[in-house]
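For reference, the structure is listed below as C-alpha cells.
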Amino acid sequence: MRKVAIIGAGITKFYRNVQETPKELAFEATKMALDSCEMKLSDIDCVVHGTAPDAFDGVHMKGEYLSDGSGAYRKPYMRHYVGGGTGVMSPIHGWFHVASGMFDTCLVVAEEKMSSAYPHPAGAFLTIFDHTTEQALFPTLIWIFAIEMNRFMTTYGYKKEDIALVAVKNKKNAMDHPSAQLGAEITVKDVLDSEVMAWPVNRLDISPTSDGAACILLAAEHVARRVTEKPIWIDGVGWALDSAYWTTRDLYYPDYVEVASRQAYKMAGIKEPSKEIHIAEPYDPFTYKELHHIEGLGLCKRGGSVQMLLDGVTQRTGNLPCCPSGGALGVGNPIAATGLMKVIEIFLQLRGEAGKRQVPGRPTCGLAQAWGDLMQVGTVVVMRS
Amino acid sequence: MEITEKMVAKTATKLSAEEIQKGKVLSVKWTPKLKYAWDNGPAIGRYLAELKNGKIIAKTCDKCHRIMIPPRMFCELCWVPTGEWVYVKDTGIVNTWVVSYVDWKAGRLDIKGGVRPFTPAVIEIDGASKGMGILHHLNEVDPWKITRGMKVKAVWKPPEERTGSITDIKYFKPIK
C-alpha cells in the first residue's frame with residue numbers, strides 16, 4: 001500500500017438553513033480545498049462523495065445529483081454512505097483509491113442539506129427502523145439516543161450535570177471556528193434547564209440540524225511532497241458495523257468503535273492510544289456520545305471518560321484535547337460534512353494552522369471518528385504530521 | 001493555510017425560518033405519498049401470528065444456544081440457520097428507557113396540558129437469552145419512577161382487536 005496524505009481542505013459556513021443547493025455547497029467546499037493547495041480540477045484523478053440519507057435532500061440517488069458540484073465531471077466517482085459515520089468513512093474511501101496505486105489524487109467531498117426535509121428532518125428517520133417490529137411503535141432517533149445515554153449513565157452512575165460539560169466545552173470551542181453555527185458561552189445550568197426532549201436528553205445535549213459541505217484533497221506521496229511542505233499522513237483507517245438488532249446489544253459500550261479503532265491503531269502502529277494520540281475529534285452529535293466514543297476508542301479506561309472531562313484533560317489546553325473544533329454540538333451537524341469537518345480540524349491542528357483554536361504542545365498524531373447507522377457503525381482515521 | 005472567517009463568509013447564505021414561511025425566498029414543496037407492502041419473512045411472520053394468539057415466540061441457535069427474540073431465520077453471530085421455535089414469557093425487565101416529550105417527527109407533546117410523556121424502553125424478555133430485548137412502550141407507571149431492572153409484564157389488546165402486530169401488545173406495565 002502507498003502512503004496517502006491530505007494536502008488541502010475546504011469547508012463552507014454551517015447554518016440551519018442555507019439558500020444554496022446541495023450541489024452549490026459541494027462546489028464551494030471543493031473549490032476552497034483545491035485553492036488551498038493551488039491545485040486545479042484537471043490535476044484530480046478521481047472523486048469520492050459522502051452524503052447521508054437521500055431522504056434529507058428529498059433527492060433519490062443524491063450521489064449522482066451531487067457529482068457536478070464535487071468536480072466529478074467525467075471522472076471516476078463513487079458515493080459512500082454509512083449514516084452518521086459517513087463523514088469519516090469519506091477519507092477512508094478516498095484512501096483506498098490512492099493507497100491502491102490506482103490514482104494519485106482524489107477529492108473527498110461530503111455534503112448535507114438537512115433543511116430540505118421540511119419542517120424537520122427527524123421524521124425522515126422513521127424508516128431506518130425495522131418496518132414490522134419497530135416502526136409500528138413510532139420511534140424517533142432521539143429516543144434511541146436517549147435510551148443509549150440512559151444505559152450508559154445507569155451502568156457507570158454518570159450524572160447529567162457532568163455530561164452537560166461536554167456541551168459547555170464544545171460550544172465554547174466553536175466560538176473560534178469560522179464555520180460554526182452554534183458557538184456560545186453557556187453553563188451547565190443552561191443545559192439542564194433547556195427543554196426536555198427525551199429525558200435524559202435535553203435540547204442543549206443535541207447538535208443542531210444543519211446545511212453545509214466540506215472537502216479534503218488526498219494525494220500519493222510523490223504528489224504530496226511536491227505540492228506542500230506540510231502533508232498530513234493518513235496512517236491508520238478502521239471501520240466496523242455491529243448488528244442491526246440494536247435492542248439485543250448492551251448499549252452502554254460501543255464495541256464497533258473499539259473494533260474500528262483497533263484496526264486503525266494496528267495499521268498506524270499505535271499501542272497505547274491514550275498516550276500516543278495527542279488530539280482527538282470523537283463524534284459528538286449528543287453530549288454523552290463524545291464520552292461514549294472516548295471510551296470505545298480506548299482513550300481512557302471504560303467508565304473513565306467523565307473523570308477525564310471533569311479533570312479538564314479534554315479541554316483545548318488539556319493533555320488530550322477532544323473536539324477542539326467545537327464538534328457537532330458547536331460547529332453544527334450537517335451529517336457527512338461534520339465527520340469531514342473533524343478530519344479537517346485534525347489536519348489543521350497537526351499543521352499548526354488552526355488559528356485561535358490551535359492546541360498547545362505541537363501535536364503530531366491525531367484521530368477523527370464518526371458513528372452512525374442504527375447506532376452500529378464506527379469509522380476511525382489516525383493522522384500524523 | 002488557515003481557514004478564516006473571510007474565506008467561509010461567502011460560501012453559504014443564511015435563510016431565516018421567516019423568510020421561508022413568508023415566501024420571501026422561493027421554494028418548491030412536495031409531500032410524497034409513498035406506499036409499501038413489506039413482507040415479513042417466515043421468522044417475523046410466525047412472531048406476528050403468535051402475538052395475535054397472545055404469545056411471544058423466539059428461535060434458538062444450535063451453535064451458540066441463544067434463545068433469540070425477535071425470532072430470526074439465521075443467527076447473525078454464528079451465521080448458521082436457526083433451530084427450534086420456543087415460546088418465551090410475556091414478562092421481562094427494563095434494560096433502559098426514556099421519558100420522551102417529543103413524537104416521531106420531533107413534534108412536541110402537550111405535557112403541560114396533561115399529556116403523558118412517551119416512555120419507550122428496551123425490555124429484556126424472560127425466557128430469552130440474557131440481554132435479548134425488544135423495543136416497546138411502558139405505561140401504568142409514573143414516568144419518573146421507572147428504574148433499570150424493573151419487572152414488567154405485557155398488557156395485551158383483547159383477542160378480537162389483535163391484528164398480528166407488535167402493537168397487539170399495548171404496552172408493558174410494572175409487576176411485583
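Every chain in the C-alpha cells takes a letter, A first, then B, and so on in the order presented; its residues are numbered from 1, and the ligands are numbered from 1 following the presented order.
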Do a neighbour search on region 214-227 of chain A at 7 Å with only C-alpha atoms, toss out local chain neighbours closer than 5 positions, and write the hits as an MDAnalysis selection string.
chainID A and resid 2:12 29:30 33 37 98 104:111 337 340:341
Give me, as a PyMOL selection string, the contact residues of chain B against chain A at a cut-off of 8 Å, counting only C-alpha atoms.
chain B and resi 1-5+8-9+11-16+38+40+76+95-106+120-122+131-137+148+165-167
List as a PyMOL selection string the protein and nucleic acid residues near Leu204 (chain A), meaning an atom at most 8 Å away when only C-alpha atoms are counted, but skip any in the same chain fewer than 4 places from it.
chain A and resi 167+190-192+194-195
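Using only C-alpha atoms, the contacts of region 264-266 of chain A at a cut-off of 10 Å, with sequence neighbours closer than 6 positions omitted, comprise Ile234, Asp235, Gly236, Val237, Gly238, Trp239, Glu258, Glu272, Pro273, Glu276, Ile277, Leu297, Leu367, Thr379, Val380, Val381, Val382 and Met383 of chain A.
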For Ala49 (chain B), work out the shell of residues within 12 Å, counting only C-alpha atoms and skipping chain neighbours fewer than 6 positions away, then give it as a list in words.
Asn40, Gly41, Pro42, Ala43, Lys55, Ile56, Ile57, Arg162, Thr163, Gly164, Ser165, Ile166 and Asp168 of chain B
DSSP strand (DSSP E or B) residues within chain B, as a PyMOL selection string
chain B and resi 14+56-60+67-68+74+81+85-88+91-97+99-100+102+108+118+120-126+128+133-138+151-156+169-174
Which of chain B DSSP labels helix (DSSP H, G or I), written as a PyMOL selection string:
chain B and resi 5-9+17-21+41-52+143-145+159-161+166-168
Save out the residues we just selected, C-alpha atoms, as a PDB file, in the first residue's frame.
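Written output follows (selection_29.pdb):
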ATOM      1  CA  GLU B   5     -13.982  33.850   8.602  1.00  0.00           C
ATOM      2  CA  LYS B   6     -13.462  35.748   5.386  1.00  0.00           C
ATOM      3  CA  MET B   7     -12.994  32.556   3.379  1.00  0.00           C
ATOM      4  CA  VAL B   8     -16.156  30.880   4.618  1.00  0.00           C
ATOM      5  CA  ALA B   9     -18.299  34.015   4.691  1.00  0.00           C
ATOM      6  CA  ALA B  17     -37.418  30.468   9.131  1.00  0.00           C
ATOM      7  CA  GLU B  18     -39.445  33.607   8.498  1.00  0.00           C
ATOM      8  CA  GLU B  19     -38.014  34.122   5.015  1.00  0.00           C
ATOM      9  CA  ILE B  20     -39.116  30.624   4.069  1.00  0.00           C
ATOM     10  CA  GLN B  21     -42.506  30.638   5.767  1.00  0.00           C
ATOM     11  CA  GLY B  41     -40.457 -13.409   6.083  1.00  0.00           C
ATOM     12  CA  PRO B  42     -41.067 -16.701   7.869  1.00  0.00           C
ATOM     13  CA  ALA B  43     -39.494 -15.703  11.223  1.00  0.00           C
ATOM     14  CA  ILE B  44     -41.267 -12.418  11.841  1.00  0.00           C
ATOM     15  CA  GLY B  45     -44.375 -13.811  10.118  1.00  0.00           C
ATOM     16  CA  ARG B  46     -44.654 -16.518  12.793  1.00  0.00           C
ATOM     17  CA  TYR B  47     -43.768 -13.981  15.526  1.00  0.00           C
ATOM     18  CA  LEU B  48     -46.713 -11.811  14.470  1.00  0.00           C
ATOM     19  CA  ALA B  49     -49.087 -14.779  14.178  1.00  0.00           C
ATOM     20  CA  GLU B  50     -48.180 -15.786  17.739  1.00  0.00           C
ATOM     21  CA  LEU B  51     -48.655 -12.235  19.000  1.00  0.00           C
ATOM     22  CA  LYS B  52     -52.183 -12.474  17.631  1.00  0.00           C
ATOM     23  CA  PRO B 143     -42.549   8.051  34.103  1.00  0.00           C
ATOM     24  CA  TRP B 144     -40.146   9.368  36.728  1.00  0.00           C
ATOM     25  CA  LYS B 145     -40.322   6.188  38.809  1.00  0.00           C
ATOM     26  CA  PRO B 159     -58.141 -11.051  21.252  1.00  0.00           C
ATOM     27  CA  GLU B 160     -60.771  -9.648  18.870  1.00  0.00           C
ATOM     28  CA  GLU B 161     -58.758  -6.442  18.433  1.00  0.00           C
ATOM     29  CA  ILE B 166     -46.217  -5.688  17.644  1.00  0.00           C
ATOM     30  CA  THR B 167     -48.983  -3.335  18.800  1.00  0.00           C
ATOM     31  CA  ASP B 168     -51.112  -6.355  19.816  1.00  0.00           C
TER      32      ASP B 168
END
Any idea what's packed within 9 Å of Gly326 (chain A), counting only C-alpha atoms, ignoring anything in its chain fewer than 5 positions away? Could you give it as JSON, numbers by chain?
{"A": [169, 170, 171, 172, 173, 174, 175, 176, 177, 180, 182, 183, 331, 332]}
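Comparing A:Arg262, A:Pro334, A:Leu241, A:Thr86 by their smallest distance to Pro22 (chain A), the closest is A:Pro334 (using only C-alpha atoms).
Between Glu112 (chain A) and the candidates A:Asn333, A:Thr187, A:Ser207, A:Gln315, the tightest atom-to-atom separation, counting only C-alpha atoms, involves A:Asn333.
Here CA of Met89 (chain A) and CA of Tyr77 (chain A) stand 15.1 Å from one another.
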